[in-house]
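Undergrad: Here you go, this is start_8.txt (compact mmCIF, C-alpha atoms).
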# COMPACT_ATOMS: atom_id res chain seq x y z
CA MET I 21 -21.55 -14.90 10.85
CA LYS I 22 -17.82 -14.74 10.15
CA ALA I 23 -16.41 -17.77 8.35
CA ARG I 24 -14.09 -19.77 10.62
CA TYR I 25 -11.11 -19.41 8.34
CA LYS I 26 -11.55 -15.61 8.30
CA ALA I 27 -11.19 -15.53 12.08
CA ILE I 28 -7.93 -17.50 11.81
CA VAL I 29 -6.71 -15.10 9.11
CA ASP I 30 -7.54 -12.10 11.31
CA ASP I 31 -5.75 -13.61 14.34
CA TYR I 32 -2.58 -14.19 12.32
CA ALA I 33 -2.79 -10.75 10.69
CA ALA I 34 -3.15 -9.02 14.06
CA ALA I 35 -0.21 -10.97 15.53
CA ILE I 36 2.01 -10.02 12.58
CA ARG I 37 1.03 -6.33 12.65
CA LEU I 38 1.58 -6.10 16.41
CA GLY I 39 5.01 -7.70 16.12
CA GLN I 40 3.99 -10.79 18.08
CA LEU I 41 5.13 -12.82 15.06
CA ALA I 42 8.41 -11.32 13.93
CA ALA I 43 9.58 -11.12 10.34
CA GLY I 44 11.14 -14.42 9.31
CA THR I 45 9.08 -16.52 11.71
CA GLN I 46 8.19 -19.87 10.14
CA LEU I 47 4.50 -20.70 10.45
CA PRO I 48 3.14 -24.23 10.94
CA THR I 49 2.90 -26.41 7.84
CA HIS I 50 -0.46 -26.58 6.15
CA ARG I 51 -1.01 -30.02 7.67
CA ALA I 52 0.03 -28.84 11.15
CA LEU I 53 -2.26 -25.81 10.93
CA SER I 54 -5.10 -28.08 9.83
CA ALA I 55 -4.61 -30.29 12.90
CA GLU I 56 -4.08 -27.39 15.31
CA LYS I 57 -7.17 -25.43 14.25
CA HIS I 58 -9.35 -28.46 13.46
CA ILE I 59 -9.91 -27.38 9.89
CA SER I 60 -9.52 -29.16 6.59
CA LEU I 61 -6.23 -29.14 4.70
CA ALA I 62 -7.92 -27.15 1.92
CA THR I 63 -9.06 -24.55 4.46
CA ALA I 64 -5.55 -24.29 5.93
CA THR I 65 -4.23 -23.68 2.43
CA ARG I 66 -6.85 -20.98 1.97
CA VAL I 67 -5.78 -19.27 5.23
CA TYR I 68 -2.17 -18.99 4.04
CA ALA I 69 -3.27 -17.91 0.56
CA GLU I 70 -5.30 -15.09 2.12
CA LEU I 71 -2.38 -13.97 4.31
CA GLU I 72 -0.08 -14.04 1.27
CA SER I 73 -2.52 -11.94 -0.79
CA MET I 74 -2.45 -9.41 2.07
CA GLY I 75 1.34 -9.24 1.81
CA LEU I 76 1.88 -10.58 5.35
CA VAL I 77 3.48 -13.97 4.60
CA SER I 78 5.35 -15.64 1.78
CA GLY I 79 5.43 -19.30 0.84
CA GLU I 80 8.75 -20.80 -0.20
CA THR I 81 8.64 -24.10 -2.09
CA GLY I 82 10.25 -26.87 -0.07
CA ARG I 83 10.79 -24.66 2.99
CA GLY I 84 7.40 -23.50 4.24
CA THR I 85 5.50 -20.30 4.99
CA PHE I 86 7.27 -17.32 6.61
CA VAL I 87 6.23 -13.96 8.05
CA ARG I 88 7.28 -11.18 5.70
CA GLU I 89 9.10 -7.99 6.62
CA ILE I 90 6.04 -5.80 6.34
CA SER I 91 6.31 -2.17 5.36
CA LEU I 92 3.78 0.28 4.06
CA PRO I 93 3.44 0.40 0.29
CA ALA I 94 4.49 3.68 -1.32
CA GLY I 95 2.04 6.40 -0.45
CA LEU I 96 0.26 4.40 2.27
CA GLY I 97 -0.44 6.08 5.58
CA ILE I 98 1.63 8.93 7.00
CA ASP I 99 4.91 7.58 5.56
CA GLN I 100 4.54 9.15 2.15
CA GLN I 101 7.19 7.88 -0.23
CA ILE I 102 8.07 8.75 -3.79
CA VAL I 103 5.62 7.07 -6.14
CA ALA I 104 5.80 6.70 -9.88
CA THR I 105 4.44 9.64 -11.80
CA GLU I 106 1.70 7.49 -13.34
CA VAL I 107 0.29 6.54 -9.92
CA LEU I 108 -2.93 8.36 -8.98
CA ASP I 109 -2.63 9.48 -5.37
CA LEU I 110 -5.92 8.90 -3.51
CA ASN I 111 -4.08 8.67 -0.23
CA PHE I 112 -2.96 12.25 0.49
CA ASN I 113 -4.97 15.40 -0.08
CA TYR I 114 -3.35 18.37 -1.76
CA PRO I 115 -6.36 20.19 -3.24
CA ALA I 116 -5.34 22.82 -5.76
CA LEU I 117 -7.14 25.35 -7.93
CA PRO I 118 -5.92 26.39 -11.42
CA GLU I 119 -5.41 30.03 -10.44
CA GLN I 120 -3.08 29.37 -7.51
CA THR I 121 0.10 29.46 -9.59
CA GLU I 122 -0.70 32.89 -11.01
CA LEU I 123 -1.63 34.14 -7.54
CA LEU I 124 1.84 33.15 -6.33
CA ARG I 125 3.54 34.85 -9.27
CA ASP I 126 1.63 38.06 -8.56
CA ALA I 127 2.43 37.89 -4.84
CA LEU I 128 6.13 37.45 -5.51
CA ARG I 129 6.16 40.36 -7.99
CA GLN I 130 4.45 42.57 -5.42
CA LEU I 131 6.99 41.62 -2.76
CA THR I 132 9.87 42.60 -5.05
CA THR I 133 8.45 46.09 -5.56
CA THR I 134 6.71 46.98 -2.30
CA GLY I 135 7.74 44.39 0.27
CA ASP I 136 10.39 44.84 2.94
CA LEU I 137 12.72 42.26 1.44
CA GLU I 138 15.56 42.98 3.83
CA ALA I 139 13.33 42.13 6.81
CA LEU I 140 12.37 38.83 5.20
CA LEU I 141 16.03 37.76 5.13
CA ARG I 142 16.48 38.04 8.90
CA TYR I 143 15.45 35.83 11.80
CA GLN I 144 11.93 36.54 12.98
CA LEU I 145 10.39 36.35 16.43
CA HIS I 146 9.76 32.71 17.33
CA ALA I 147 6.00 33.23 17.47
CA GLY I 148 5.95 35.44 14.38
CA ARG I 149 5.83 39.20 13.90
CA CYS I 150 3.08 40.99 15.81
CA SER I 151 1.49 42.49 12.69
CA GLU I 152 1.22 39.06 11.08
CA ARG I 153 -0.24 37.52 14.23
CA GLU I 154 -2.83 40.30 14.24
CA THR I 155 -3.68 39.49 10.62
CA ILE I 156 -4.14 35.81 11.41
CA ALA I 157 -6.23 36.70 14.47
CA SER I 158 -8.56 38.71 12.24
CA HIS I 159 -8.95 35.71 9.93
CA LEU I 160 -9.67 33.31 12.79
CA VAL I 161 -12.64 35.43 13.87
CA LEU I 162 -14.44 33.94 10.85
CA ALA I 163 -13.86 30.49 12.38
CA GLY I 164 -15.32 31.59 15.71
CA ILE I 165 -11.97 32.17 17.44
CA ASN I 166 -11.74 35.51 19.22
CA ALA I 167 -8.03 35.76 19.94
CA CYS I 168 -5.56 38.61 20.15
CA ALA I 169 -2.09 38.59 18.64
CA ASP I 170 -0.51 37.52 21.94
CA ASP I 171 -2.58 34.31 21.93
CA ILE I 172 -1.24 33.18 18.54
CA LEU I 173 1.95 31.45 17.50
CA ILE I 174 2.74 31.17 13.79
CA VAL I 175 4.09 27.73 12.89
CA SER I 176 5.18 25.80 9.81
CA GLY I 177 1.83 24.21 9.07
CA ALA I 178 -0.77 22.47 11.24
CA GLN I 179 1.41 19.34 11.58
CA HIS I 180 4.16 21.50 13.09
CA GLY I 181 1.55 23.03 15.38
CA LEU I 182 0.62 19.57 16.65
CA ALA I 183 4.31 18.70 16.99
CA ILE I 184 5.18 21.69 19.17
CA THR I 185 2.12 20.96 21.31
CA VAL I 186 3.21 17.35 21.87
CA LEU I 187 6.88 18.22 22.44
CA GLY I 188 6.19 21.25 24.61
CA LEU I 189 3.40 20.07 26.90
CA PHE I 190 3.82 16.31 27.36
CA LYS I 191 6.47 13.88 28.50
CA PRO I 192 7.08 10.22 27.57
CA GLY I 193 4.49 7.93 29.10
CA ASP I 194 1.72 10.54 29.26
CA VAL I 195 -1.71 9.24 28.29
CA ILE I 196 -3.78 11.01 25.62
CA ALA I 197 -7.33 9.98 24.76
CA VAL I 198 -7.99 9.89 21.01
CA ASP I 199 -10.74 8.58 18.77
CA ALA I 200 -10.38 4.90 17.86
CA LEU I 201 -10.00 6.18 14.30
CA THR I 202 -8.04 9.41 14.14
CA TYR I 203 -5.66 11.53 12.05
CA SER I 204 -2.62 9.41 11.19
CA GLY I 205 -0.21 12.34 11.59
CA PHE I 206 -1.10 12.75 15.26
CA LYS I 207 -0.77 9.03 15.85
CA THR I 208 2.74 9.14 14.35
CA LEU I 209 3.71 12.10 16.54
CA ALA I 210 2.52 10.30 19.65
CA VAL I 211 4.47 7.15 18.80
CA ALA I 212 7.63 9.18 18.13
CA SER I 213 7.21 10.96 21.49
CA ASN I 214 6.46 7.76 23.44
CA LEU I 215 2.99 8.88 24.43
CA GLU I 216 0.31 6.33 25.19
CA LEU I 217 -2.83 6.68 23.11
CA VAL I 218 -6.07 5.35 24.60
CA ALA I 219 -8.81 4.76 22.06
CA ILE I 220 -12.28 6.27 22.52
CA PRO I 221 -14.91 4.11 20.78
CA VAL I 222 -16.58 5.96 17.91
CA SER I 223 -19.98 5.99 16.24
CA ALA I 224 -21.26 7.58 13.05
CA THR I 225 -21.86 10.87 14.88
CA GLY I 226 -18.81 11.17 17.08
CA PRO I 227 -16.82 9.70 19.98
CA ASP I 228 -18.54 7.82 22.79
CA LEU I 229 -18.27 10.47 25.50
CA ASN I 230 -19.53 8.14 28.23
CA ALA I 231 -16.62 5.88 27.35
CA LEU I 232 -14.26 8.88 27.55
CA ARG I 233 -15.53 9.61 31.04
CA LYS I 234 -14.91 6.03 32.14
CA ILE I 235 -11.42 6.10 30.64
CA CYS I 236 -10.65 9.23 32.67
CA GLN I 237 -11.99 7.59 35.82
CA HIS I 238 -9.64 4.63 35.48
CA ARG I 239 -6.57 6.18 33.85
CA ARG I 240 -4.54 9.30 34.52
CA VAL I 241 -5.30 10.95 31.18
CA ARG I 242 -3.40 14.16 30.43
CA ALA I 243 -5.26 15.34 27.32
CA VAL I 244 -7.85 14.59 24.68
CA TYR I 245 -7.10 15.08 20.97
CA THR I 246 -10.16 15.86 18.88
CA MET I 247 -11.30 17.11 15.46
CA PRO I 248 -14.79 18.46 16.20
CA THR I 249 -15.28 20.15 12.84
CA LEU I 250 -14.75 17.76 9.94
CA HIS I 251 -13.15 14.72 11.49
CA ASN I 252 -10.43 12.97 9.49
CA PRO I 253 -11.19 10.24 8.40
CA LEU I 254 -14.86 9.91 9.45
CA GLY I 255 -16.13 13.35 8.40
CA TRP I 256 -18.35 14.12 11.37
CA VAL I 257 -19.08 17.60 12.74
CA LEU I 258 -19.81 17.49 16.46
CA SER I 259 -22.86 19.31 17.80
CA SER I 260 -22.66 22.15 20.32
CA ASP I 261 -23.88 19.75 23.03
CA GLN I 262 -21.11 17.26 22.23
CA ARG I 263 -18.52 20.04 22.37
CA LYS I 264 -19.86 21.28 25.69
CA GLU I 265 -19.70 17.73 27.02
CA ILE I 266 -16.04 17.37 26.02
CA ALA I 267 -15.32 20.71 27.70
CA ALA I 268 -17.10 19.54 30.87
CA ILE I 269 -15.17 16.24 30.95
CA SER I 270 -11.89 18.10 30.42
CA ARG I 271 -12.62 20.31 33.42
CA GLU I 272 -13.77 17.42 35.61
CA HIS I 273 -10.56 15.51 34.96
CA ASP I 274 -8.16 18.41 34.37
CA LEU I 275 -7.42 17.52 30.74
CA LEU I 276 -5.79 19.61 28.10
CA VAL I 277 -7.78 19.71 24.87
CA ILE I 278 -5.98 19.63 21.51
CA GLU I 279 -8.42 20.87 18.87
CA ASP I 280 -7.31 20.11 15.31
CA ALA I 281 -9.13 22.40 12.86
CA ALA I 282 -7.12 21.68 9.70
CA TYR I 283 -10.23 20.95 7.60
CA ALA I 284 -12.73 23.12 9.50
CA PHE I 285 -12.74 25.79 6.78
CA LEU I 286 -14.72 23.46 4.51
CA VAL I 287 -17.81 23.55 6.75
CA SER I 288 -20.10 26.59 6.51
CA ASP I 289 -21.61 27.76 9.82
CA PRO I 290 -20.42 24.94 12.10
CA PRO I 291 -21.01 25.10 15.87
CA PRO I 292 -18.51 27.26 17.79
CA PRO I 293 -15.02 25.79 18.15
CA LEU I 294 -14.42 23.67 21.21
CA ALA I 295 -11.92 26.34 22.27
CA THR I 296 -14.82 28.70 22.99
CA PHE I 297 -16.25 26.25 25.55
CA ALA I 298 -12.95 25.57 27.34
CA PRO I 299 -10.63 28.43 26.36
CA GLU I 300 -8.40 28.10 29.43
CA ARG I 301 -7.29 24.56 28.52
CA THR I 302 -7.64 24.24 24.73
CA ILE I 303 -4.77 24.32 22.23
CA TYR I 304 -6.37 25.20 18.88
CA VAL I 305 -4.34 24.19 15.82
CA THR I 306 -5.04 25.20 12.23
CA GLY I 307 -3.13 25.77 9.02
CA PHE I 308 -3.15 27.34 5.57
CA SER I 309 -2.09 24.28 3.59
CA LYS I 310 -5.45 22.76 2.70
CA ASN I 311 -7.25 26.07 2.12
CA ILE I 312 -4.41 27.68 0.13
CA ALA I 313 -1.67 25.27 -1.00
CA THR I 314 0.12 22.39 0.68
CA GLY I 315 3.54 23.75 -0.26
CA LEU I 316 2.97 26.94 1.75
CA ARG I 317 3.77 25.57 5.20
CA VAL I 318 2.15 28.17 7.43
CA GLY I 319 -0.10 27.41 10.38
CA ALA I 320 -1.31 28.91 13.63
CA VAL I 321 -1.64 27.75 17.21
CA VAL I 322 -3.97 29.55 19.58
CA CYS I 323 -3.05 28.75 23.17
CA PRO I 324 -3.78 30.00 26.69
CA ALA I 325 -1.07 32.24 28.15
CA PRO I 326 0.33 29.65 30.64
CA TYR I 327 1.44 27.39 27.78
CA ARG I 328 2.87 29.98 25.42
CA ALA I 329 6.47 29.97 26.68
CA ALA I 330 6.75 26.19 26.46
CA LEU I 331 5.49 26.16 22.89
CA GLU I 332 7.75 29.05 21.85
CA ARG I 333 10.77 27.14 23.14
CA VAL I 334 9.90 24.19 20.90
CA ILE I 335 9.47 26.47 17.88
CA ARG I 336 12.96 27.77 18.59
CA ALA I 337 14.32 24.24 18.91
CA THR I 338 12.67 22.95 15.73
CA THR I 339 12.42 25.77 13.16
CA TRP I 340 13.37 29.01 15.01
CA ASN I 341 10.54 30.73 13.14
CA THR I 342 8.19 30.13 10.25
CA PRO I 343 9.91 31.17 6.98
CA ALA I 344 9.19 34.89 6.66
CA LEU I 345 8.57 34.80 2.92
CA MET I 346 5.74 32.27 3.17
CA THR I 347 4.18 34.00 6.17
CA SER I 348 4.25 37.32 4.34
CA ILE I 349 2.50 35.84 1.30
CA VAL I 350 -0.21 34.14 3.38
CA CYS I 351 -0.89 37.26 5.44
CA GLY I 352 -1.07 39.39 2.29
CA TRP I 353 -3.69 37.01 0.90
CA ILE I 354 -5.65 37.19 4.15
CA ARG I 355 -5.70 40.99 4.00
CA ASP I 356 -6.79 41.24 0.35
CA GLY I 357 -9.53 38.58 0.67
CA THR I 358 -7.78 35.90 -1.41
CA VAL I 359 -7.86 33.32 1.39
CA ASN I 360 -11.62 33.75 1.91
CA ARG I 361 -12.19 33.39 -1.83
CA LEU I 362 -10.03 30.26 -2.09
CA GLU I 363 -11.84 28.70 0.85
CA SER I 364 -15.19 29.31 -0.84
CA LEU I 365 -13.94 27.79 -4.10
CA LYS I 366 -12.55 24.75 -2.32
CA ARG I 367 -15.86 24.16 -0.54
CA GLU I 368 -17.49 24.04 -3.98
CA ASP I 369 -14.71 21.79 -5.27
CA ALA I 370 -15.01 19.35 -2.36
CA GLN I 371 -18.77 19.16 -2.85
CA LYS I 372 -18.33 18.30 -6.54
CA ARG I 373 -15.91 15.54 -5.65
CA GLN I 374 -18.27 14.11 -3.05
CA ASN I 375 -20.97 14.09 -5.72
CA ILE I 376 -18.67 12.03 -7.95
CA ALA I 377 -18.04 9.61 -5.08
CA ARG I 378 -21.77 9.34 -4.43
CA GLU I 379 -22.39 8.51 -8.08
CA VAL I 380 -19.74 5.78 -8.05
CA PHE I 381 -20.26 4.31 -4.58
CA GLY I 382 -23.98 4.93 -4.22
CA SER I 383 -24.72 1.22 -3.70
CA LEU I 384 -21.89 0.72 -1.18
CA PRO I 385 -21.99 1.79 2.46
CA TYR I 386 -19.51 4.58 3.03
CA ILE I 387 -19.00 7.43 5.50
CA SER I 388 -18.25 11.02 4.53
CA HIS I 389 -19.30 14.64 4.85
CA PRO I 390 -20.91 16.43 1.86
CA VAL I 391 -18.04 18.94 1.63
CA SER I 392 -15.02 16.91 2.75
CA TYR I 393 -12.05 15.84 0.68
CA PHE I 394 -12.10 12.24 1.88
CA LEU I 395 -14.37 9.28 2.54
CA TRP I 396 -14.25 6.14 4.65
CA LEU I 397 -15.34 2.91 3.03
CA PRO I 398 -15.93 -0.12 5.32
CA LEU I 399 -15.42 -3.40 3.53
CA ALA I 400 -17.51 -6.57 3.61
CA GLU I 401 -16.39 -9.27 6.03
CA GLU I 402 -14.87 -11.40 3.28
CA VAL I 403 -12.78 -8.54 1.81
CA ARG I 404 -9.30 -7.74 3.15
CA ALA I 405 -8.20 -4.12 2.93
CA GLU I 406 -4.53 -5.00 2.29
CA SER I 407 -5.53 -7.06 -0.74
CA VAL I 408 -7.57 -4.17 -2.14
CA VAL I 409 -4.70 -1.72 -1.60
CA ARG I 410 -2.12 -3.96 -3.25
CA SER I 411 -4.38 -4.74 -6.18
CA LEU I 412 -4.98 -1.04 -6.73
CA LEU I 413 -1.27 -0.26 -6.55
CA GLU I 414 -0.77 -2.71 -9.40
CA LYS I 415 -3.33 -0.59 -11.29
CA HIS I 416 -1.39 2.60 -10.39
CA ILE I 417 -3.83 3.88 -7.75
CA SER I 418 -2.67 4.61 -4.19
CA ILE I 419 -5.13 4.48 -1.28
CA SER I 420 -4.82 3.75 2.44
CA THR I 421 -6.08 0.98 4.68
CA ALA I 422 -7.47 1.72 8.15
CA GLU I 423 -4.14 0.82 9.75
CA PRO I 424 -2.57 4.34 9.85
CA PHE I 425 -5.75 5.79 11.39
CA SER I 426 -6.52 3.08 13.94
CA THR I 427 -5.53 3.50 17.60
CA SER I 428 -7.04 0.25 18.84
CA GLN I 429 -5.84 -3.32 18.35
CA ASN I 430 -8.95 -4.19 16.35
CA VAL I 431 -8.16 -2.59 13.01
CA PRO I 432 -11.31 -2.46 10.88
CA HIS I 433 -11.29 -3.72 7.32
CA ALA I 434 -11.84 -0.40 5.59
CA ILE I 435 -10.14 2.00 3.21
CA ARG I 436 -9.80 5.75 3.35
CA ILE I 437 -9.88 7.59 0.03
CA ALA I 438 -8.57 11.13 -0.50
CA LEU I 439 -10.53 12.94 -3.20
CA GLY I 440 -8.62 16.18 -3.58
CA SER I 441 -5.41 15.37 -5.42
CA VAL I 442 -6.38 14.51 -9.00
CA SER I 443 -8.58 16.08 -11.67
CA GLU I 444 -12.30 15.34 -11.58
CA ASP I 445 -12.13 13.19 -14.73
CA LEU I 446 -9.27 11.11 -13.36
CA LEU I 447 -11.02 10.88 -9.99
CA TYR I 448 -14.15 9.44 -11.56
CA GLN I 449 -12.22 6.78 -13.45
CA ALA I 450 -10.06 5.94 -10.41
CA LEU I 451 -13.11 5.52 -8.16
CA ILE I 452 -14.70 3.22 -10.74
CA THR I 453 -11.54 1.10 -10.56
CA VAL I 454 -11.67 1.12 -6.75
CA ARG I 455 -15.28 -0.07 -6.77
CA GLU I 456 -14.57 -2.80 -9.34
CA THR I 457 -11.57 -4.00 -7.34
CA ILE I 458 -13.61 -4.22 -4.14
CA GLU I 459 -16.36 -6.13 -5.94
CA TYR I 460 -13.81 -8.54 -7.42
CA GLU I 461 -12.23 -9.17 -4.00
CA GLN I 462 -15.68 -9.71 -2.49
CA TYR I 463 -16.89 -12.29 -5.01
CA ARG I 464 -13.70 -14.08 -6.07
Transcribe the structure of this file into structure tokens.
TA:
Amino acid sequence: MKARYKAIVDDYAAAIRLGQLAAGTQLPTHRALSAEKHISLATATRVYAELESMGLVSGETGRGTFVREISLPAGLGIDQQIVATEVLDLNFNYPALPEQTELLRDALRQLTTTGDLEALLRYQLHAGRCSERETIASHLVLAGINACADDILIVSGAQHGLAITVLGLFKPGDVIAVDALTYSGFKTLAVASNLELVAIPVSATGPDLNALRKICQHRRVRAVYTMPTLHNPLGWVLSSDQRKEIAAISREHDLLVIEDAAYAFLVSDPPPPLATFAPERTIYVTGFSKNIATGLRVGAVVCPAPYRAALERVIRATTWNTPALMTSIVCGWIRDGTVNRLESLKREDAQKRQNIAREVFGSLPYISHPVSYFLWLPLAEEVRAESVVRSLLEKHISISTAEPFSTSQNVPHAIRIALGSVSEDLLYQALITVRETIEYEQYR
């Protein structure tokens, strides 16, 4: 049973995060809080101490307790900021392999001798050159996507693919159903575009599809955003039956389906993409950042013909075309088998990192997939995620709370850890520090 003071802490924390208590608001005195909540003066002091440790309030001697101007710590959530070089980033994934630098050098040398450099200096077609779209189509066959060049638009990474989908197909006020815990980058896009996100309750194996049906019966939902193969942050892979059910619901209620496959390459032999069950209404988005390198901003959107023109217009308005040099390099690596080889190596790498996490967190309940680059770690009732994050930042380790991933008002006390951005030795030591910090917060 939750301690009474923890419930008071959670109520205040939620009000501050939702803006119901604005920055600078003076909170009741300790004595007034004690009387109002029918708690002891010592317990009231403990409530404010907890809120202060979470970075939500500050106590000023002789003046009282005030709501702080809250902002995300450096590296927390989607708002990545510059962090000190000594900080270990367990917040964002940029998995890299030692050979990638030499691969780039070789690719650039080859372009200087055999590539059509003059063509790379000119504007390209908004959707990308036909030969390059054909190359990407051939690669997507391995992911279960049978598309022709005309179905594909080349974009500047998967995030850009999601952005053109949001900007091209929806208008402010539209309702999109999303998992209660979902990719923070899509949440940020939706907020920036004034879309309303409705949270689908989630379990360990996927979204509650009965709940999705009920949502669609009571709200005019325009689309559902989903990550059926390797969900970020919960790591699930939906079964064929679950995918068929989402397709059926989308047809019953005339929903668009946005299928985010950014991490799908890590899973060997997953069920067919959701796009194969509802091809006429699914926008399939993938990229080459996680499987090759995050600095090569190339992605692909597979969309039904009726939506192509709208998406092309947004590409023109935002980037005109994907930089030709990067697209040429990526397509060359698809043709010579480099991309397939890198994907295989990164599957092995992700598995090794999950093994490290299992060794460190074996006694703690956590959620992950055996070949993913992240894990979700629910915290005990008495542990506050903000306190863990701030303590770790003081130890030069950056992780994220559940806040950037949550689309419901009830933000769980949990942390999400990215495993793919530091060496294995540093990862092991950092995860030990994370575990020790959680244990300290739990028993202090």
Undergrad: Between I:Ser158, I:Ser309, I:Thr249, I:Ser270, which one has atoms that come closest to Val287 of chain I, using only C-alpha atoms?
TA: I:Thr249
Undergrad: Can you work out which one of I:His159, I:Ser407, I:Ile165, I:Asp289 has the shortest atom-to-atom distance to Ala69 of chain I, counting all atoms listed in the file?
TA: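 Looking only at the distances to Ala69 of chain I, the closest residue turns out to be I:Ser407.
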Undergrad: Kindly give the distance, in Å, that separates atom CA of Tyr25 of chain I and atom CA of Leu61 of chain I, rounded to a single decimal.
TA: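 According to the coordinates, atom CA of Tyr25 of chain I and atom CA of Leu61 of chain I are separated by 11.5 Å.
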Undergrad: By how many Å are atom CA of Arg242 of chain I and atom CA of Leu182 of chain I apart?
TA: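 Taking atom CA of Arg242 of chain I as the start and atom CA of Leu182 of chain I as the end point, the length is 15.3 Å.
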Undergrad: (-3.1, 9.0, 25.5) in this file's frame - what residues fall within 10 Å of it? Use all atoms listed in the file and give the answer as a list in words.
TA: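 Using all atoms listed in the file, the matching residues come out as Gly193, Asp194, Val195, Ile196, Ala197, Val198, Lys207, Ala210, Asn214, Leu215, Glu216, Leu217, Val218, Ala219, Arg239, Arg240, Val241, Arg242, Ala243, Val244, Tyr245 and Thr427 of chain I.
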Undergrad: For the atom pair atom CA of Val277 of chain I and atom CA of Pro326 of chain I, what is the interatomic distance in Å to one decimal place?
TA: 14.1 Å
Undergrad: Using all atoms listed in the file, which protein or nucleic acid residues come within 12 Å of Glu444 of chain I? Drop anything in the same chain fewer than 2 positions from it, and give the result as a list in words.
TA: Leu108, Pro115, Ala116, Leu117, Asp369, Ala370, Gln371, Lys372, Arg373, Gln374, Asn375, Ile376, Ala377, Leu439, Gly440, Ser441, Val442, Leu446, Leu447, Tyr448, Gln449, Ala450 and Leu451 of chain I
Undergrad: For each of I:Leu276, I:Val161, I:Ala438, I:Ile28, take the minimum atom-to-atom distance to Pro292 of chain I, counting all atoms listed in the file, then give the residue where this is smallest.
TA: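 Result for the nearest residue to Pro292 of chain I: I:Val161.
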Undergrad: Using only C-alpha atoms for the distances, tell me which of I:Ala34, I:Ser176, I:Trp256, I:Ala330 is nearest to Gln429 of chain I.
TA: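 Closest to Gln429 of chain I of all the choices is I:Ala34.
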Undergrad: Could you check which of I:Val257, I:Glu154, I:Ile235, I:Pro299 is closest to His273 of chain I, using all atoms listed in the file?
TA: I:Ile235
Undergrad: Tell me which protein, DNA and RNA residues are within 12 Å of Pro118 of chain I, counting only C-alpha atoms, leaving out same-chain ones fewer than 5 positions away, and put them as a PyMOL selection string.
TA: chain I and resi 123-124+312-313+362+365-366+369+443
Undergrad: Go through I:Pro290, I:Pro390, I:Pro432, I:Gly205 one by one, measure the shortest atom-to-atom distance of each to Gly181 of chain I using all atoms listed in the file, and give the residue with the smallest value.
TA: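 Answer, going by the shortest atom-to-atom distance: I:Gly205.
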Undergrad: Can you tell me, as a list in words, which residues sit within 9 Å of (-11.6, 21.8, 14.9) in the file's frame, using all atoms listed in the file?
TA: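 Counting all atoms listed in the file, I find these residues within 9 Å of (-11.6, 21.8, 14.9): Thr246, Met247, Pro248, Thr249, Leu250, His251, Val257, Ile278, Glu279, Asp280, Ala281, Ala282, Tyr283, Ala284, Pro293, Leu294, Ala295, Tyr304, Val305 and Thr306 of chain I.
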Undergrad: Those same residues - C-alpha atoms - I'd like them written as a PDB file, keeping the file's coordinate frame.
TA:
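Output (result-v4.pdb):
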ATOM      1  CA  THR I 246     -10.160  15.860  18.880  1.00  0.00           C
ATOM      2  CA  MET I 247     -11.300  17.110  15.460  1.00  0.00           C
ATOM      3  CA  PRO I 248     -14.790  18.460  16.200  1.00  0.00           C
ATOM      4  CA  THR I 249     -15.280  20.150  12.840  1.00  0.00           C
ATOM      5  CA  LEU I 250     -14.750  17.760   9.940  1.00  0.00           C
ATOM      6  CA  HIS I 251     -13.150  14.720  11.490  1.00  0.00           C
ATOM      7  CA  VAL I 257     -19.080  17.600  12.740  1.00  0.00           C
ATOM      8  CA  ILE I 278      -5.980  19.630  21.510  1.00  0.00           C
ATOM      9  CA  GLU I 279      -8.420  20.870  18.870  1.00  0.00           C
ATOM     10  CA  ASP I 280      -7.310  20.110  15.310  1.00  0.00           C
ATOM     11  CA  ALA I 281      -9.130  22.400  12.860  1.00  0.00           C
ATOM     12  CA  ALA I 282      -7.120  21.680   9.700  1.00  0.00           C
ATOM     13  CA  TYR I 283     -10.230  20.950   7.600  1.00  0.00           C
ATOM     14  CA  ALA I 284     -12.730  23.120   9.500  1.00  0.00           C
ATOM     15  CA  PRO I 293     -15.020  25.790  18.150  1.00  0.00           C
ATOM     16  CA  LEU I 294     -14.420  23.670  21.210  1.00  0.00           C
ATOM     17  CA  ALA I 295     -11.920  26.340  22.270  1.00  0.00           C
ATOM     18  CA  TYR I 304      -6.370  25.200  18.880  1.00  0.00           C
ATOM     19  CA  VAL I 305      -4.340  24.190  15.820  1.00  0.00           C
ATOM     20  CA  THR I 306      -5.040  25.200  12.230  1.00  0.00           C
TER      21      THR I 306
END
Undergrad: Can you pull out every residue within 12 Å of Glu459 of chain I, counting all atoms listed in the file, but drop anything in the same chain fewer than 5 positions away, and send it as a ChimeraX atom specification?
TA: /I:381,383-384,399-400,402-404,408,452-454,464
